[in-house]
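**Q** Sharing a structure here in structure tokens format.
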Amino acid sequence: MATNKQDDPTLWPAEIRWYCVKTQPKREAIAYGQLTTLPEVEAFFPRVRYRRASPRGQRMVVEALFPGYLFAKFSPARLIRAVRYARGVSYIVRQGTEFAPVPDTIISALHSLAATQVLELPPEPWKMGEQVRVIAGIFRGATGTVAGLVPARQRVQVLLELLGQERRIELPLDNLELRHTHPLQALRS
């Protein structure tokens with residue numbers, strides 16, 4: 001007999017469906033690895049790869065598309081304990097007292113966007129008026145606004161406040177970072 005009432009398999013649906021799994025902070029990859037080792041569990045961990053500026057120049061970054069979450073397809077009646085207690089898993093997302101199944105159409109759409117579980121985002125062109133932060137050079141730490149583009153020289157003109165006046169400074173692309181870090185943050189504003 002199950003020691004925890006929530007672990008009682010008779011309380012949960014027997015059908016195999018997709019569910020959203022909340023992971024422990026920064027442990028999505030560990031939880032995904034553990035879930036993929038479980039028989040009769042299919043796990044899906046969508047990530048996004050994009051270019052991010054760093055003090056050492058541009059680099060490719062891979063992050064969770066939904067930080068702190070991944071998806072698992074299983075039968076709660078048979079595998080609730082194995083999924084709940086897998087390393088890196090915090091809990092299975094619920095709606096009230098019931099697990100909230102994720103529709104197959106959503107998982108299919110995510111699979112079509114990221115067939116290898118990694119969504120490749122093309123480099124985003126710089127836009128006039130965007131807020132940027134200087135991450136290298138003598139103006140490191142300063143924030144400003146994109147005022148012009150010089151694509152032939154891989155440079156951007158930025159309006160920075162210096163000595164109480166706004167000045168137009170031309171900086172290399174590698175010295176700048178857009179104010180948002182995760183690509184989906186741009187969609188929220």
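We name chains A, B, ... following the order of the structure tokens; residues begin at 1 in each chain, and ligands are numbered from 1 as shown.
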Can you tell me, as a VMD selection string, which residues in chain A count as strand (DSSP E) by DSSP?

**A** chain A and resid 17 to 23 42 to 44 47 to 54 57 to 64 69 to 74 89 to 92 94 to 95 98 to 99 101 to 102 118 to 120 131 to 134 143 to 150 155 to 162 165 to 172 176 to 178

**Q** Please provide as an MDAnalysis selection string all residues within 10 Å of Leu159 (chain A), with the sequence filter that same-chain residues fewer than 5 positions apart are discarded (counting only C-alpha atoms).

**A** chainID A and resid 129 131:132 143:148 165:170

**Q** Keeping C-alpha atoms, export the residues of the selection given above as a compact mmCIF listing (two decimals), in the first residue's frame.

**A**
# COMPACT_ATOMS: atom_id res chain seq x y z
CA GLY A 129 15.44 52.73 -30.68
CA GLN A 131 17.76 49.64 -25.47
CA VAL A 132 21.24 48.09 -25.21
CA THR A 143 23.06 51.66 -21.20
CA GLY A 144 21.89 53.46 -24.27
CA THR A 145 19.66 53.47 -27.33
CA VAL A 146 20.48 52.22 -30.83
CA ALA A 147 20.73 55.34 -33.01
CA GLY A 148 22.21 53.91 -36.19
CA GLN A 165 25.00 65.17 -22.51
CA GLU A 166 23.76 62.55 -24.92
CA ARG A 167 26.52 61.48 -27.33
CA ARG A 168 26.43 59.26 -30.40
CA ILE A 169 29.14 56.59 -30.01
CA GLU A 170 29.97 53.89 -32.56

**Q** Skip Arg49 (chain A) itself and residues of its chain fewer than 2 positions away, then list as a PyMOL selection string all residues within 8 Å of it, counting only C-alpha atoms.

**A** chain A and resi 47+51+60-63+118-121

**Q** Go ahead and write the residues just picked, N, CA, C and O atoms, as an mmCIF file, in the first residue's frame.

**A**
data_model
loop_
_atom_site.group_PDB
_atom_site.id
_atom_site.type_symbol
_atom_site.label_atom_id
_atom_site.label_comp_id
_atom_site.auth_asym_id
_atom_site.auth_seq_id
_atom_site.Cartn_x
_atom_site.Cartn_y
_atom_site.Cartn_z
ATOM 1 N N ARG A 47 14.232 23.260 -25.909
ATOM 2 C CA ARG A 47 15.213 24.299 -25.599
ATOM 3 C C ARG A 47 15.308 25.258 -26.771
ATOM 4 O O ARG A 47 14.805 24.985 -27.852
ATOM 5 N N ARG A 51 22.053 33.522 -30.184
ATOM 6 C CA ARG A 51 23.322 34.222 -30.019
ATOM 7 C C ARG A 51 23.176 35.285 -28.940
ATOM 8 O O ARG A 51 22.234 36.059 -28.942
ATOM 9 N N MET A 60 26.987 31.295 -28.729
ATOM 10 C CA MET A 60 25.697 30.626 -28.807
ATOM 11 C C MET A 60 25.335 30.101 -27.417
ATOM 12 O O MET A 60 26.165 29.543 -26.717
ATOM 13 N N VAL A 61 24.067 30.297 -27.041
ATOM 14 C CA VAL A 61 23.565 29.884 -25.737
ATOM 15 C C VAL A 61 22.383 28.952 -25.964
ATOM 16 O O VAL A 61 21.561 29.202 -26.839
ATOM 17 N N VAL A 62 22.317 27.884 -25.184
ATOM 18 C CA VAL A 62 21.160 26.988 -25.210
ATOM 19 C C VAL A 62 20.518 27.049 -23.834
ATOM 20 O O VAL A 62 21.179 26.814 -22.828
ATOM 21 N N GLU A 63 19.224 27.397 -23.810
ATOM 22 C CA GLU A 63 18.473 27.492 -22.563
ATOM 23 C C GLU A 63 17.139 26.780 -22.728
ATOM 24 O O GLU A 63 16.680 26.544 -23.846
ATOM 25 N N VAL A 118 15.656 21.324 -29.857
ATOM 26 C CA VAL A 118 16.348 22.615 -29.744
ATOM 27 C C VAL A 118 15.845 23.514 -30.869
ATOM 28 O O VAL A 118 16.056 23.232 -32.044
ATOM 29 N N LEU A 119 15.179 24.593 -30.495
ATOM 30 C CA LEU A 119 14.669 25.567 -31.452
ATOM 31 C C LEU A 119 15.800 26.522 -31.803
ATOM 32 O O LEU A 119 16.374 27.156 -30.919
ATOM 33 N N GLU A 120 16.153 26.598 -33.076
ATOM 34 C CA GLU A 120 17.231 27.470 -33.532
ATOM 35 C C GLU A 120 16.645 28.831 -33.901
ATOM 36 O O GLU A 120 15.803 28.925 -34.784
ATOM 37 N N LEU A 121 17.070 29.871 -33.208
ATOM 38 C CA LEU A 121 16.615 31.215 -33.532
ATOM 39 C C LEU A 121 17.685 31.921 -34.349
ATOM 40 O O LEU A 121 18.847 31.958 -33.935
#

**Q** Based on DSSP run over this structure's backbone, return all residues of region 88-162 of chain A in helix (DSSP H, G or I), as a PyMOL selection string.

**A** chain A and resi 104-113+151-153

**Q** With distances taken over only C-alpha atoms, which of A:Arg155, A:Arg17, A:Lys26, A:Arg94 is nearest to Phe66 (chain A)?

**A** A:Lys26

**Q** Return as CSV the residues of region 74-184 of chain A lying at most 12 Å from region 35-46 of chain A, together with the closest atom-to-atom pair for each and the distance in Å to one decimal, counting only C-alpha atoms, with rows in chain order and ascending residue number.

**A**
residue,atom,partner,partner_atom,distance
A:Phe74,CA,A:Val41,CA,5.1
A:Ser75,CA,A:Val41,CA,8.2
A:Pro76,CA,A:Val41,CA,10.2
A:Arg78,CA,A:Glu40,CA,9.3
A:Leu79,CA,A:Val41,CA,8.1
A:Ile80,CA,A:Val41,CA,10.5
A:Arg81,CA,A:Leu38,CA,11.2
A:Ala82,CA,A:Leu38,CA,7.6
A:Val83,CA,A:Leu35,CA,6.8
A:Arg84,CA,A:Leu35,CA,9.8
A:Tyr85,CA,A:Leu35,CA,10.0
A:Ala86,CA,A:Leu35,CA,6.7
A:Arg87,CA,A:Leu35,CA,8.5
A:Gly88,CA,A:Leu35,CA,9.4
A:Val89,CA,A:Leu35,CA,9.0
A:Val102,CA,A:Phe44,CA,12.0
A:Ile106,CA,A:Phe44,CA,11.9
A:Ile107,CA,A:Phe44,CA,8.5
A:Ser108,CA,A:Phe44,CA,10.8
A:Ala109,CA,A:Pro46,CA,11.3
A:Leu110,CA,A:Pro46,CA,7.5
A:His111,CA,A:Pro46,CA,8.1
A:Ser112,CA,A:Pro46,CA,10.9
A:Leu113,CA,A:Pro46,CA,9.4
A:Ala114,CA,A:Pro46,CA,7.0
A:Ala115,CA,A:Pro46,CA,9.1
A:Thr116,CA,A:Pro46,CA,8.5
A:Gln117,CA,A:Pro46,CA,4.7
A:Val118,CA,A:Pro46,CA,5.9
A:Leu119,CA,A:Pro46,CA,7.3
A:Glu120,CA,A:Pro46,CA,10.9

**Q** Go ahead and save the residues from that selection, with N, CA, C and O atoms, as a CSV table (one decimal), in the first residue's frame.

**A**
chain,number,residue,atom,x,y,z
A,74,PHE,N,3.0,9.8,-19.8
A,74,PHE,CA,3.0,8.6,-19.0
A,74,PHE,C,1.5,8.4,-18.5
A,74,PHE,O,0.7,9.2,-18.6
A,75,SER,N,1.3,7.2,-17.9
A,75,SER,CA,0.1,6.9,-17.2
A,75,SER,C,0.3,7.1,-15.7
A,75,SER,O,1.0,6.4,-15.1
A,76,PRO,N,-0.4,8.1,-15.2
A,76,PRO,CA,-0.3,8.4,-13.8
A,76,PRO,C,-0.6,7.2,-12.9
A,76,PRO,O,0.0,7.0,-11.9
A,78,ARG,N,0.0,4.2,-13.3
A,78,ARG,CA,1.1,3.2,-13.2
A,78,ARG,C,2.4,3.8,-12.8
A,78,ARG,O,3.3,3.2,-12.2
A,79,LEU,N,2.7,5.1,-13.1
A,79,LEU,CA,4.0,5.7,-13.0
A,79,LEU,C,4.1,6.9,-12.1
A,79,LEU,O,5.1,7.6,-12.2
A,80,ILE,N,3.1,7.2,-11.4
A,80,ILE,CA,3.1,8.5,-10.6
A,80,ILE,C,4.3,8.6,-9.7
A,80,ILE,O,4.9,9.6,-9.6
A,81,ARG,N,4.6,7.5,-9.0
A,81,ARG,CA,5.7,7.6,-8.0
A,81,ARG,C,7.0,7.8,-8.7
A,81,ARG,O,7.8,8.6,-8.3
A,82,ALA,N,7.2,7.0,-9.8
A,82,ALA,CA,8.5,7.1,-10.5
A,82,ALA,C,8.7,8.5,-11.1
A,82,ALA,O,9.9,9.0,-11.0
A,83,VAL,N,7.7,9.1,-11.6
A,83,VAL,CA,7.8,10.5,-12.2
A,83,VAL,C,8.0,11.5,-11.1
A,83,VAL,O,8.9,12.3,-11.1
A,84,ARG,N,7.1,11.5,-10.1
A,84,ARG,CA,7.2,12.4,-9.0
A,84,ARG,C,8.5,12.5,-8.2
A,84,ARG,O,9.0,13.5,-7.8
A,85,TYR,N,9.1,11.3,-8.1
A,85,TYR,CA,10.3,11.2,-7.3
A,85,TYR,C,11.6,11.0,-8.1
A,85,TYR,O,12.7,10.7,-7.6
A,86,ALA,N,11.5,11.3,-9.4
A,86,ALA,CA,12.7,11.3,-10.2
A,86,ALA,C,13.6,12.5,-9.8
A,86,ALA,O,13.1,13.5,-9.5
A,87,ARG,N,14.9,12.2,-9.9
A,87,ARG,CA,15.8,13.3,-9.5
A,87,ARG,C,15.6,14.5,-10.4
A,87,ARG,O,15.4,14.4,-11.6
A,88,GLY,N,15.5,15.7,-9.8
A,88,GLY,CA,15.3,17.0,-10.5
A,88,GLY,C,13.9,17.4,-10.7
A,88,GLY,O,13.6,18.5,-11.0
A,89,VAL,N,12.9,16.5,-10.3
A,89,VAL,CA,11.5,16.8,-10.5
A,89,VAL,C,11.0,17.4,-9.2
A,89,VAL,O,11.2,16.9,-8.1
A,102,VAL,N,-1.6,18.1,-21.0
A,102,VAL,CA,-1.2,19.0,-22.0
A,102,VAL,C,-1.8,18.4,-23.3
A,102,VAL,O,-1.5,17.3,-23.7
A,106,ILE,N,-0.5,20.7,-28.8
A,106,ILE,CA,0.5,21.6,-28.3
A,106,ILE,C,1.9,21.0,-28.4
A,106,ILE,O,2.9,21.6,-28.9
A,107,ILE,N,2.0,19.7,-28.0
A,107,ILE,CA,3.3,19.0,-28.0
A,107,ILE,C,3.7,18.8,-29.5
A,107,ILE,O,4.8,19.0,-29.8
A,108,SER,N,2.7,18.5,-30.3
A,108,SER,CA,3.0,18.3,-31.8
A,108,SER,C,3.6,19.6,-32.4
A,108,SER,O,4.5,19.6,-33.2
A,109,ALA,N,2.9,20.7,-32.0
A,109,ALA,CA,3.4,22.0,-32.5
A,109,ALA,C,4.8,22.3,-32.0
A,109,ALA,O,5.7,22.8,-32.8
A,110,LEU,N,5.1,22.1,-30.8
A,110,LEU,CA,6.4,22.3,-30.2
A,110,LEU,C,7.5,21.4,-30.9
A,110,LEU,O,8.6,21.8,-31.2
A,111,HIS,N,7.1,20.1,-31.2
A,111,HIS,CA,7.9,19.2,-31.9
A,111,HIS,C,8.2,19.7,-33.3
A,111,HIS,O,9.3,19.5,-33.8
A,112,SER,N,7.2,20.2,-34.0
A,112,SER,CA,7.4,20.7,-35.3
A,112,SER,C,8.4,21.9,-35.3
A,112,SER,O,9.1,22.1,-36.3
A,113,LEU,N,8.3,22.7,-34.3
A,113,LEU,CA,9.2,23.9,-34.2
A,113,LEU,C,10.7,23.5,-33.9
A,113,LEU,O,11.6,24.1,-34.3
A,114,ALA,N,10.8,22.4,-33.0
A,114,ALA,CA,12.1,22.0,-32.5
A,114,ALA,C,12.2,20.5,-32.6
A,114,ALA,O,12.0,19.8,-31.6
A,115,ALA,N,12.3,20.0,-33.8
A,115,ALA,CA,12.4,18.5,-34.0
A,115,ALA,C,13.4,17.8,-33.2
A,115,ALA,O,13.3,16.7,-32.7
A,116,THR,N,14.6,18.5,-33.0
A,116,THR,CA,15.7,17.9,-32.2
A,116,THR,C,15.6,18.4,-30.8
A,116,THR,O,16.6,18.3,-30.0
A,117,GLN,N,14.5,18.9,-30.4
A,117,GLN,CA,14.2,19.5,-29.0
A,117,GLN,C,15.0,20.8,-28.8
A,117,GLN,O,15.0,21.4,-27.7
A,118,VAL,N,15.7,21.3,-29.9
A,118,VAL,CA,16.3,22.6,-29.7
A,118,VAL,C,15.8,23.5,-30.9
A,118,VAL,O,16.1,23.2,-32.0
A,119,LEU,N,15.2,24.6,-30.5
A,119,LEU,CA,14.7,25.6,-31.5
A,119,LEU,C,15.8,26.5,-31.8
A,119,LEU,O,16.4,27.2,-30.9
A,120,GLU,N,16.2,26.6,-33.1
A,120,GLU,CA,17.2,27.5,-33.5
A,120,GLU,C,16.6,28.8,-33.9
A,120,GLU,O,15.8,28.9,-34.8

**Q** Please determine, counting only C-alpha atoms, which residue among A:Leu162, A:Ala64, A:Ile92, A:Val134 has the shortest atom-to-atom distance to Ala29 (chain A).

**A** A:Ala64

**Q** Find the distance between CA of Ala100 (chain A) and CA of Thr23 (chain A) and write it in Å to one decimal.

**A**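 Computing it gives 15.6 Å between the two atoms.
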
**Q** So, counting only C-alpha atoms, which residue among A:Leu176, A:Pro101, A:Leu163, A:Gly96 is closest to Glu130 (chain A)?

**A**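 Smallest separation from Glu130 (chain A) among the options: A:Leu176.
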
**Q** What is the CA of Glu28 (chain A) to CA of Arg56 (chain A) distance in Å?

**A**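 Interatomic distance here is 26.7 Å.
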
**Q** What gap, in Å, lies between CA of Leu65 (chain A) and CA of Tyr32 (chain A)?

**A**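 Distance between the two atoms: 13.5 Å.
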
**Q** Ranking A:Trp126, A:Asn175, A:Pro103, A:Val150 by minimum distance to Ile138 (chain A) and counting only C-alpha atoms, which one comes first?

**A**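 Using only C-alpha atoms, Ile138 (chain A) sits closest to A:Asn175.
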
**Q** Can you work out which one of A:Leu171, A:Pro13, A:Lys22, A:Gly68 has the shortest atom-to-atom distance to Phe139 (chain A), counting only C-alpha atoms?

**A**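 Looking at the shortest contact to Phe139 (chain A), the residue is A:Leu171.
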
**Q** Which residue is closest to Ala142 (chain A)? Choose from A:Ile16, A:Glu161, A:Gln95, A:Arg27 and count only C-alpha atoms.

**A**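 Going through A:Ile16, A:Glu161, A:Gln95, A:Arg27 one by one, the smallest distance to Ala142 (chain A) is for A:Glu161.
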